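Enquirer: One structure, as structure tokens, below. Some questions next.
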Amino acid sequence: MTRTGTVLRRLVAVTAAALLGVAVAPSAAQAKPDPKAPREFVALSEVDPTIIQEMRYFTEHNFVGEPVDGYKKPMCILTRPAAEALHQAQTRLLKKGYSLKVYDCYRPQRAVDHFVRWAEDLSDQRMKPEFYPHVDKTRLFDDGYIAAKSGHSRGSTLDLTLVKLPALPTRAYVPGEELTPCYGPQAERFPDNSVDMGTGFDCFDTLAHTDDPRIQGAQRANRDLLRDALMGQGFVNLPEEWWHYTYKPELFPDTYFDFPVSRKSLAGRN
């Protein structure tokens, strides 16, 4: 082989190695394993399998209009004390002919980041007719509907409602279907098998404030039934959202976790 041929072969080999390195580097970064949940976190279904789960952020039926980052499985994860307290509330409600239904539990920080990106994209208004008909999207941060941190990421906060037993099925949301306001009469809102709370879940409207005086009759009784059942077990309501409760005292009052919502996050922990 000539000297020129040898040089060319070496040049090709070096170039190929360099290209391979470039190709491998991103893959290695992508292969970085997701963080695990601390041992204090559990799947709610393992503590109480009777509580209904309709995990909205795993689906497209939410104010973002698409599955939210970090929700790899439609499951509720909570700190164990919160899950056990919820089990106690469920036990008492079942005797009255009701079941709890959770919409969201632990929420990864990456999901909160997804909410922030969505709120900053003023061109995306596809879910406005249902979830925030009266709120200008430029106001979502100032009005407190969206924030860079969420108590859900600490693991002891959840969103939930009540279902009268026997529970009826809830039809699937069809992306692109005509939307109706979350604050309208129950018969006009998106069908949900929960009792009538006066608004749908995640309704960005003052009517969703737990003690809004416009909520009366059966709607008021339903909100009070949910609140009494949960407060009796150590949960505290967020006054601006009838569905939002936090178990106190929190195990992790100052820590915002980012492990995905998945079985793998709970498996193989030391």
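The chains in the structure tokens are called A, B, ... from first to last as shown; in each chain the residues are counted from 1, and the ligands are counted from 1 in the order shown.
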When DSSP works through the backbone of this structure, what residues of region 89-228 of chain A end up as strand (DSSP E or B), shown as a PyMOL selection string?
Expert: chain A and resi 98-104+157-164
Enquirer: Restricting the output to all heavy atoms, write the selected residues as a CSV table (one decimal), in the first residue's frame.
Expert:
```csv
chain,number,residue,atom,x,y,z
A,98,TYR,N,-70.9,6.9,48.9
A,98,TYR,CA,-70.0,7.7,48.0
A,98,TYR,C,-68.6,7.1,47.9
A,98,TYR,O,-68.2,6.4,48.8
A,98,TYR,CB,-69.9,9.1,48.6
A,98,TYR,CG,-71.2,9.9,48.6
A,98,TYR,CD1,-72.0,9.9,49.7
A,98,TYR,CD2,-71.5,10.7,47.5
A,98,TYR,CE1,-73.2,10.6,49.7
A,98,TYR,CE2,-72.7,11.4,47.5
A,98,TYR,CZ,-73.5,11.4,48.6
A,98,TYR,OH,-74.7,12.1,48.6
A,99,SER,N,-67.9,7.5,46.9
A,99,SER,CA,-66.5,7.2,46.7
A,99,SER,C,-65.7,8.4,46.4
A,99,SER,O,-66.3,9.3,45.7
A,99,SER,CB,-66.3,6.1,45.6
A,99,SER,OG,-64.9,5.9,45.4
A,100,LEU,N,-64.5,8.5,46.8
A,100,LEU,CA,-63.6,9.5,46.3
A,100,LEU,C,-63.2,9.2,44.9
A,100,LEU,O,-63.1,8.0,44.5
A,100,LEU,CB,-62.4,9.6,47.2
A,100,LEU,CG,-62.7,10.1,48.7
A,100,LEU,CD1,-61.4,9.9,49.5
A,100,LEU,CD2,-63.0,11.6,48.7
A,101,LYS,N,-62.9,10.2,44.1
A,101,LYS,CA,-62.3,10.1,42.8
A,101,LYS,C,-61.2,11.1,42.7
A,101,LYS,O,-61.4,12.3,42.9
A,101,LYS,CB,-63.3,10.3,41.7
A,101,LYS,CG,-62.6,10.1,40.3
A,101,LYS,CD,-63.6,10.1,39.2
A,101,LYS,CE,-64.1,11.4,38.8
A,101,LYS,NZ,-64.8,11.4,37.5
A,102,VAL,N,-59.9,10.7,42.4
A,102,VAL,CA,-58.8,11.6,42.3
A,102,VAL,C,-58.6,11.9,40.8
A,102,VAL,O,-58.6,11.1,40.0
A,102,VAL,CB,-57.5,11.0,42.9
A,102,VAL,CG1,-57.7,10.9,44.4
A,102,VAL,CG2,-57.2,9.6,42.3
A,103,TYR,N,-58.3,13.2,40.6
A,103,TYR,CA,-57.9,13.7,39.3
A,103,TYR,C,-56.4,13.9,39.1
A,103,TYR,O,-55.8,13.7,38.0
A,103,TYR,CB,-58.5,15.1,39.0
A,103,TYR,CG,-60.0,15.1,38.9
A,103,TYR,CD1,-60.8,15.8,39.8
A,103,TYR,CD2,-60.7,14.5,37.8
A,103,TYR,CE1,-62.2,15.8,39.7
A,103,TYR,CE2,-62.1,14.5,37.7
A,103,TYR,CZ,-62.8,15.2,38.7
A,103,TYR,OH,-64.2,15.2,38.6
A,104,ASP,N,-55.7,14.2,40.2
A,104,ASP,CA,-54.3,14.4,40.2
A,104,ASP,C,-53.8,14.3,41.6
A,104,ASP,O,-54.4,14.6,42.6
A,104,ASP,CB,-53.9,15.8,39.7
A,104,ASP,CG,-52.4,15.9,39.4
A,104,ASP,OD1,-51.8,14.9,38.9
A,104,ASP,OD2,-51.8,17.0,39.6
A,157,THR,N,-50.3,16.6,48.3
A,157,THR,CA,-51.4,17.4,47.8
A,157,THR,C,-52.1,16.6,46.7
A,157,THR,O,-51.4,16.0,45.9
A,157,THR,CB,-50.9,18.8,47.3
A,157,THR,OG1,-50.5,19.5,48.4
A,157,THR,CG2,-52.0,19.5,46.6
A,158,LEU,N,-53.4,16.7,46.6
A,158,LEU,CA,-54.1,16.0,45.5
A,158,LEU,C,-55.4,16.8,45.2
A,158,LEU,O,-55.9,17.7,45.9
A,158,LEU,CB,-54.5,14.6,45.9
A,158,LEU,CG,-55.5,14.4,47.0
A,158,LEU,CD1,-56.1,13.0,47.0
A,158,LEU,CD2,-54.9,14.7,48.4
A,159,ASP,N,-55.9,16.5,44.0
A,159,ASP,CA,-57.2,17.1,43.5
A,159,ASP,C,-58.2,15.9,43.4
A,159,ASP,O,-57.9,14.9,42.8
A,159,ASP,CB,-57.0,17.7,42.1
A,159,ASP,CG,-56.0,18.8,42.1
A,159,ASP,OD1,-55.9,19.5,43.1
A,159,ASP,OD2,-55.3,19.0,41.0
A,160,LEU,N,-59.4,16.2,43.9
A,160,LEU,CA,-60.3,15.1,44.0
A,160,LEU,C,-61.8,15.5,44.1
A,160,LEU,O,-62.0,16.7,44.3
A,160,LEU,CB,-60.0,14.1,45.1
A,160,LEU,CG,-60.3,14.5,46.6
A,160,LEU,CD1,-60.0,13.4,47.5
A,160,LEU,CD2,-59.5,15.7,47.0
A,161,THR,N,-62.7,14.6,44.0
A,161,THR,CA,-64.1,14.9,44.0
A,161,THR,C,-64.8,13.7,44.6
A,161,THR,O,-64.2,12.8,45.1
A,161,THR,CB,-64.7,15.2,42.6
A,161,THR,OG1,-66.0,15.7,42.7
A,161,THR,CG2,-64.6,14.0,41.7
A,162,LEU,N,-66.2,13.7,44.6
A,162,LEU,CA,-67.0,12.6,45.1
A,162,LEU,C,-67.8,12.0,44.0
A,162,LEU,O,-68.3,12.7,43.1
A,162,LEU,CB,-68.0,13.2,46.2
A,162,LEU,CG,-67.4,13.6,47.5
A,162,LEU,CD1,-68.5,14.2,48.4
A,162,LEU,CD2,-66.8,12.4,48.2
A,163,VAL,N,-68.0,10.7,44.0
A,163,VAL,CA,-68.9,10.0,43.1
A,163,VAL,C,-69.9,9.3,43.9
A,163,VAL,O,-69.6,8.6,44.9
A,163,VAL,CB,-68.0,9.0,42.3
A,163,VAL,CG1,-68.9,8.2,41.4
A,163,VAL,CG2,-67.0,9.8,41.4
A,164,LYS,N,-71.2,9.4,43.5
A,164,LYS,CA,-72.3,8.7,44.1
A,164,LYS,C,-72.3,7.2,43.6
A,164,LYS,O,-72.2,7.0,42.4
A,164,LYS,CB,-73.6,9.3,43.7
A,164,LYS,CG,-74.8,8.7,44.4
A,164,LYS,CD,-74.9,8.9,45.9
A,164,LYS,CE,-76.2,8.3,46.5
A,164,LYS,NZ,-76.2,8.4,48.0
```
Enquirer: For Pro175 (chain A), work out the shell of residues within 8 Å, counting only C-alpha atoms and skipping chain neighbours fewer than 4 positions away, then give it as a PyMOL selection string.
Expert: chain A and resi 60-61+65
Enquirer: When you look at region 166-169 of chain A with a cut-off of 10 Å (counting only C-alpha atoms), what residues show up, excluding the ones that are within fewer than 6 positions of it in the same chain? I need them as a list in words.
Expert: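 After dropping sequence-adjacent residues, the list is Ile52, Gly97, Tyr98, Ser99, Pro191, Asp192, Asn193 and Ser194 of chain A.
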Enquirer: Near Met197 (chain A), counting only C-alpha atoms, which residues have an atom at most 7 Å away, once you skip same-chain residues fewer than 6 positions from it, shown as a list in words?
Expert: Gln219, Asn222 and Arg223 of chain A
Enquirer: Mind writing the picked residues with N, CA and C atoms as an mmCIF file, in the first residue's frame?
Expert:
```
data_model
loop_
_atom_site.group_PDB
_atom_site.id
_atom_site.type_symbol
_atom_site.label_atom_id
_atom_site.label_comp_id
_atom_site.auth_asym_id
_atom_site.auth_seq_id
_atom_site.Cartn_x
_atom_site.Cartn_y
_atom_site.Cartn_z
ATOM 1 N N GLN A 219 -75.241 21.557 45.424
ATOM 2 C CA GLN A 219 -73.834 21.819 45.127
ATOM 3 C C GLN A 219 -73.068 22.186 46.392
ATOM 4 N N ASN A 222 -72.629 19.097 48.563
ATOM 5 C CA ASN A 222 -71.597 18.190 48.043
ATOM 6 C C ASN A 222 -70.198 18.695 48.387
ATOM 7 N N ARG A 223 -69.976 19.992 48.223
ATOM 8 C CA ARG A 223 -68.660 20.546 48.583
ATOM 9 C C ARG A 223 -68.386 20.372 50.074
#
```
Enquirer: Of the candidates A:Tyr145, A:Glu54, A:Gln90, A:Asn237, which one gets nearest to Arg171 (chain A) if we count only C-alpha atoms?
Expert: A:Glu54
Enquirer: Find the residues of region 121-225 of chain A that sit at most 10 Å from region 253-260 of chain A; for each, write down the nearest two atoms and how far apart they are in Å, to one decimal. Count only C-alpha atoms. Sort by chain, then by number going up, and give it as CSV.
Expert:
```
residue,atom,partner,partner_atom,distance
A:Lys149,CA,A:Tyr256,CA,7.8
A:Ser150,CA,A:Tyr256,CA,7.9
A:Gly151,CA,A:Tyr256,CA,7.8
A:His152,CA,A:Tyr256,CA,8.3
A:Ser153,CA,A:Tyr256,CA,4.9
A:Arg154,CA,A:Tyr256,CA,5.0
A:Gly155,CA,A:Phe257,CA,7.9
A:Ser156,CA,A:Pro253,CA,8.8
```
Enquirer: Would you mind reading off the distance between CA of Met231 (chain A) and CA of Thr170 (chain A), one decimal, in Å?
Expert: 27.4 Å
